[in-house]
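Data block below; observations after.
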Amino acid sequence: MRPTHHHPSPVARQRAAYRRRQTVRSVLVAAASTGVLGTLLVIAVTGAPGWHRVRQSFLDAGIARAALPEVAAGLWLNVRLLVFCALGALAVGLAVSLLRTLRGPVFFPVRALATGYTYTFRGLPLIIVLYVFTLGVPGLRLQGTPPVLVLGGLALVLVYGGYLAEVFRAGIESVHPSQLAAARSLGLTYRQTMRYVVLPQAIRRVAPPLLNDVVALQKDVGLVSLAGPIDAVRAAQIATAETFNYTPYIVAGVLFVLLAIPLIAVTDWVTLRAARRQAAR
Amino acid sequence: MTPPVLRCRALRKAYGGQVVLDNLDLDVAEHEVVALIGASGSGKSTLLRCVNLLEDLDDGTIHLDGDHITDPRVDPDLVRRRMGIVFQAYNLFPHLRVLDNITLAPIRVHRRPRAEAEAQARDLLARVGLAEKAEDYPDRLSGGQQQRVAIVRALVNSPRLLLLDEVTSALDPELVGEVLTMIRDLKAEGMTMVLATHEMGFAREVADRVCFLDGGRVLEEGPPERVLGEPTEPRTRQFLRRIVEAGRL
């Protein structure tokens, strides 16, 4: 490529000017329609006959301030649980998806177990698994039973591991057989082929759906509060019961959204990058 | 007498009811270049994939340097390390840089030190004029460049036998030459090769022997001038006539 000083022809200049005018027009139209819609929404909500009562019981600034420390303390539990459960579920999911790809008669029981696991735990409602783990397991009164928080975390890992295993498996199966043929033809063993050729491509491809499931997990970790530990939502519930005002729930909701924003932003960024890589190919 | 590098006897392979290899025999001597020609579906690719043990045979035996490699007790991974195969669609690993594509097998399979493997890879890349592409990802390269990388990748294992499966069929016409030049150089160095090809002119030039495959067997074989110039079998003549009509000879 030789660097040249290109002087656009009159036609090109006209085209560029036209496109600029169109862009300005679209921005103005978008701003106007957003303003109109926003105004209509505000009028509809604040003009509703019950608006005054709703504002009192959901948007009380004083109660929000009072509830914030408790709810934030609960949220810290959510964050800690999320980190451990996400790592655990990713590890379980990857391991199970790999077990499901094993061939050969020796591995039949392993394969059958892995398949049975994904069927069972994707089918079971999370709340039932949580109850079994946090209420049923301690009921056995075995020596060294871990605390309820750990048991609840295990339940979450098992359920989400089942979903993530299927996401990983979809990724593994999306790698074209010709890649396996090329790797095996170089003398790589099945394990080496998985490790160096298939998994790197598979994980890159399924990173967006994997992160999406982690975002969903972020909301579900709070369900361990059913067994006692106080998370953000449970803390809000307690505060609500004390004041007969729902504002603490709104506080918890806002905190959850703030917590989700970075994770969702990462997901979008990874998705966009994957799409660009695909387009370059 | 030393055994041939490759000896195929009575190979048979069927997909469902479709017989792709039918009692096929083929010997390849050391330093010999054998070109497989024939219509699509005549069994050229299947034969190469069976030799590389990427496909299971239904019947027959394959020997590599006198070793029976289709014995079920043989570890196919060890056999594949002794030969290389290059595919029509290159099959480079898109997530690895050119250099890492080439050094993957030397480092992971042959356990050679990374620095040594990379030095050898860079040297081979330089010899085919791709030195400055070592750090690029495959999707930044042209088809011809990718195929040359794929050939280099197959060569770092120092294979006894190189299998080339229509390596120029996916290339734009102006890129075919650079790949053929590379194969020509390999012949000059004495590499034993079996190549499935549609490039009759190239087969005539580089091959010591041309085998015409038809219906899953070697119907006619001999020196290129004879098979391509004065074929005796009617099917061979018919095939070559079509090739000439398509302007490929």
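Identifiers in this document derive from the order of the structure tokens: chains are assigned A, B, ..., residues are numbered from 1 separately in each chain, and ligands are numbered from 1 in order of occurrence.
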### Task
Would you please extract all strand (DSSP E or B) residues from region 7-128 of chain B, as assigned by DSSP on the backbone, and give them as an NGL selection string?
:B and (7-15 or 18-28 or 33-37 or 59-64 or 67-68 or 83-86)
### Message
Show me, as a ChimeraX atom specification, the residues that have an atom within 9 Å of region 81-90 of chain B when counting only C-alpha atoms, minus same-chain residues fewer than 3 positions from it.
### Response
/A:178,182,185-188 /B:48-49,52,64,76-78,105,109-110,143,146-151,153-155,157-171
### Task
Find the residues in chain A near chain B: any atom within 12 Å counts, using only C-alpha atoms. Write them as number ranges by chain.
A: 175-193, 195-205, 274, 277-281
### Query
Which residues, written as a VMD selection string, have at least one atom at most 9 Å from Gly216 (chain B), with only C-alpha atoms counted and residues fewer than 6 positions away on the same chain left out?
chain B and resid 12 to 13 19 to 24 41 to 44 47
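Between CA of Tyr246 (chain A) and CA of Ala227 (chain A) lies a distance of 22.5 Å.
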### Task
Please identify all polymer residues within 8 Å of Val218 (chain B), counting only C-alpha atoms, omitting same-chain residues fewer than 6 positions from it, and present them as an MDAnalysis selection string.
chainID B and resid 24:26 211:212
### Message
So that I can see what lies close to Gly222 (chain B), please list as a list in words the residues with an atom at most 12 Å from it, counting only C-alpha atoms and leaving out residues fewer than 5 positions away in the same chain.
### Response
Leu26, Val33, Val34, Ala35, Leu36, Ile37, Ala203, Arg204, Ala207, Asp208, Arg209, Val210, Cys211, Phe212, Val227, Leu228, Gly229, Glu230, Pro231 and Thr232 of chain B
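Picture a line from CA of Leu59 (chain A) to CA of Thr247 (chain A); it runs 5.4 Å.
Excluding Ala64 (chain A) itself and same-chain residues fewer than 5 positions from it, the residues having an atom within 10 Å of it are A:Phe58, A:Leu59, A:Pro69, A:Val71, A:Ala236, A:Ala239, A:Asn245, A:Tyr246, A:Thr247, A:Pro248, A:Tyr249, A:Ile250, A:Val251, A:Ala252, counting only C-alpha atoms.
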Expected file contents, prior selection, all heavy atoms, as an mmCIF file, in the first residue's frame:
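result10.cif was written with the following content:
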data_model
loop_
_atom_site.group_PDB
_atom_site.id
_atom_site.type_symbol
_atom_site.label_atom_id
_atom_site.label_comp_id
_atom_site.auth_asym_id
_atom_site.auth_seq_id
_atom_site.Cartn_x
_atom_site.Cartn_y
_atom_site.Cartn_z
ATOM 1 N N PHE A 58 -42.851 3.347 49.091
ATOM 2 C CA PHE A 58 -41.737 2.761 48.344
ATOM 3 C C PHE A 58 -40.529 3.674 48.229
ATOM 4 O O PHE A 58 -39.425 3.211 47.985
ATOM 5 C CB PHE A 58 -42.176 2.360 46.923
ATOM 6 C CG PHE A 58 -42.923 1.078 46.869
ATOM 7 C CD1 PHE A 58 -44.301 1.068 47.047
ATOM 8 C CD2 PHE A 58 -42.261 -0.116 46.650
ATOM 9 C CE1 PHE A 58 -45.006 -0.124 46.996
ATOM 10 C CE2 PHE A 58 -42.956 -1.304 46.604
ATOM 11 C CZ PHE A 58 -44.336 -1.325 46.776
ATOM 12 N N LEU A 59 -40.714 4.972 48.330
ATOM 13 C CA LEU A 59 -39.628 5.905 48.044
ATOM 14 C C LEU A 59 -39.415 6.906 49.169
ATOM 15 O O LEU A 59 -39.286 8.095 48.958
ATOM 16 C CB LEU A 59 -39.917 6.650 46.722
ATOM 17 C CG LEU A 59 -40.073 5.766 45.489
ATOM 18 C CD1 LEU A 59 -40.658 6.547 44.328
ATOM 19 C CD2 LEU A 59 -38.749 5.158 45.083
ATOM 20 N N PRO A 69 -27.376 0.598 55.723
ATOM 21 C CA PRO A 69 -26.265 -0.183 56.300
ATOM 22 C C PRO A 69 -26.574 -1.684 56.390
ATOM 23 O O PRO A 69 -25.739 -2.517 56.023
ATOM 24 C CB PRO A 69 -26.106 0.423 57.700
ATOM 25 C CG PRO A 69 -26.734 1.763 57.632
ATOM 26 C CD PRO A 69 -27.820 1.681 56.609
ATOM 27 N N VAL A 71 -28.820 -3.429 54.668
ATOM 28 C CA VAL A 71 -28.945 -4.034 53.333
ATOM 29 C C VAL A 71 -27.563 -4.190 52.699
ATOM 30 O O VAL A 71 -27.256 -5.218 52.085
ATOM 31 C CB VAL A 71 -29.864 -3.178 52.433
ATOM 32 C CG1 VAL A 71 -29.909 -3.727 51.020
ATOM 33 C CG2 VAL A 71 -31.271 -3.129 53.018
ATOM 34 N N ALA A 236 -33.519 -6.458 53.709
ATOM 35 C CA ALA A 236 -34.561 -5.504 53.313
ATOM 36 C C ALA A 236 -35.913 -5.947 53.853
ATOM 37 O O ALA A 236 -36.706 -5.133 54.319
ATOM 38 C CB ALA A 236 -34.596 -5.393 51.788
ATOM 39 N N ALA A 239 -36.109 -5.084 57.509
ATOM 40 C CA ALA A 239 -36.319 -3.645 57.681
ATOM 41 C C ALA A 239 -37.760 -3.280 57.332
ATOM 42 O O ALA A 239 -38.388 -2.456 58.005
ATOM 43 C CB ALA A 239 -35.337 -2.870 56.814
ATOM 44 N N ASN A 245 -42.870 -0.324 55.652
ATOM 45 C CA ASN A 245 -42.598 0.487 54.461
ATOM 46 C C ASN A 245 -41.693 -0.320 53.536
ATOM 47 O O ASN A 245 -40.736 -0.949 53.982
ATOM 48 C CB ASN A 245 -41.908 1.787 54.894
ATOM 49 C CG ASN A 245 -41.787 2.759 53.745
ATOM 50 O OD1 ASN A 245 -41.153 2.441 52.742
ATOM 51 N ND2 ASN A 245 -42.401 3.916 53.879
ATOM 52 N N TYR A 246 -42.011 -0.276 52.218
ATOM 53 C CA TYR A 246 -41.297 -1.138 51.261
ATOM 54 C C TYR A 246 -40.002 -0.522 50.729
ATOM 55 O O TYR A 246 -39.327 -1.126 49.917
ATOM 56 C CB TYR A 246 -42.209 -1.499 50.078
ATOM 57 C CG TYR A 246 -43.328 -2.428 50.472
ATOM 58 C CD1 TYR A 246 -44.634 -1.989 50.566
ATOM 59 C CD2 TYR A 246 -43.045 -3.765 50.754
ATOM 60 C CE1 TYR A 246 -45.658 -2.845 50.931
ATOM 61 C CE2 TYR A 246 -44.061 -4.636 51.121
ATOM 62 C CZ TYR A 246 -45.362 -4.172 51.207
ATOM 63 O OH TYR A 246 -46.345 -5.018 51.580
ATOM 64 N N THR A 247 -39.662 0.668 51.160
ATOM 65 C CA THR A 247 -38.482 1.342 50.612
ATOM 66 C C THR A 247 -37.196 0.493 50.689
ATOM 67 O O THR A 247 -36.407 0.490 49.736
ATOM 68 C CB THR A 247 -38.277 2.694 51.325
ATOM 69 O OG1 THR A 247 -39.488 3.433 51.205
ATOM 70 C CG2 THR A 247 -37.126 3.453 50.710
ATOM 71 N N PRO A 248 -36.951 -0.254 51.777
ATOM 72 C CA PRO A 248 -35.725 -1.071 51.820
ATOM 73 C C PRO A 248 -35.573 -2.017 50.623
ATOM 74 O O PRO A 248 -34.454 -2.265 50.161
ATOM 75 C CB PRO A 248 -35.866 -1.853 53.125
ATOM 76 C CG PRO A 248 -36.683 -0.958 53.998
ATOM 77 C CD PRO A 248 -37.670 -0.280 53.062
ATOM 78 N N TYR A 249 -36.704 -2.538 50.105
ATOM 79 C CA TYR A 249 -36.626 -3.400 48.925
ATOM 80 C C TYR A 249 -36.060 -2.645 47.730
ATOM 81 O O TYR A 249 -35.258 -3.169 46.955
ATOM 82 C CB TYR A 249 -38.008 -3.952 48.550
ATOM 83 C CG TYR A 249 -38.429 -5.153 49.366
ATOM 84 C CD1 TYR A 249 -39.659 -5.186 50.008
ATOM 85 C CD2 TYR A 249 -37.592 -6.259 49.466
ATOM 86 C CE1 TYR A 249 -40.056 -6.288 50.747
ATOM 87 C CE2 TYR A 249 -37.980 -7.371 50.203
ATOM 88 C CZ TYR A 249 -39.199 -7.376 50.840
ATOM 89 O OH TYR A 249 -39.582 -8.460 51.563
ATOM 90 N N ILE A 250 -36.533 -1.399 47.580
ATOM 91 C CA ILE A 250 -36.032 -0.588 46.463
ATOM 92 C C ILE A 250 -34.533 -0.361 46.632
ATOM 93 O O ILE A 250 -33.761 -0.432 45.676
ATOM 94 C CB ILE A 250 -36.781 0.764 46.397
ATOM 95 C CG1 ILE A 250 -38.282 0.543 46.228
ATOM 96 C CG2 ILE A 250 -36.223 1.626 45.264
ATOM 97 C CD1 ILE A 250 -38.688 -0.110 44.930
ATOM 98 N N VAL A 251 -34.094 -0.107 47.889
ATOM 99 C CA VAL A 251 -32.666 0.080 48.166
ATOM 100 C C VAL A 251 -31.896 -1.165 47.720
ATOM 101 O O VAL A 251 -30.882 -1.084 47.012
ATOM 102 C CB VAL A 251 -32.437 0.361 49.672
ATOM 103 C CG1 VAL A 251 -30.953 0.368 49.993
ATOM 104 C CG2 VAL A 251 -33.075 1.681 50.058
ATOM 105 N N ALA A 252 -32.392 -2.355 48.128
ATOM 106 C CA ALA A 252 -31.720 -3.600 47.752
ATOM 107 C C ALA A 252 -31.684 -3.753 46.231
ATOM 108 O O ALA A 252 -30.659 -4.134 45.648
ATOM 109 C CB ALA A 252 -32.425 -4.795 48.395
#
### Query
Which parts of region 13-194 of chain A does DSSP call alpha helix (DSSP H) when run on the backbone here, written out as a PyMOL selection string?
chain A and resi 13-46+51-58+61-101+108-123+126-131+137-139+148-174+177-185+190-193
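The residue set within 6 Å of Arg97 (chain B), counting only C-alpha atoms and dropping same-chain residues fewer than 4 places from it, reads Glu135, Asp136 and Tyr137 of chain B.
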With only C-alpha atoms counted and 9 Å as the cut-off, give the residues of region 155-253 of chain A in contact with region 102-122 of chain A, each with its shortest interatomic distance in Å and the pair that gives it, as CSV.
residue,atom,partner,partner_atom,distance
A:Leu158,CA,A:Phe121,CA,6.9
A:Val159,CA,A:Phe121,CA,5.1
A:Tyr160,CA,A:Arg122,CA,7.9
A:Gly161,CA,A:Thr118,CA,8.1
A:Gly162,CA,A:Thr118,CA,4.6
A:Tyr163,CA,A:Arg122,CA,6.3
A:Ala165,CA,A:Thr118,CA,7.2
A:Glu166,CA,A:Thr118,CA,7.5
## Note on the structure
note - CA of Val132 (chain A) and CA of Ala89 (chain A) are separated by 18.4 Å
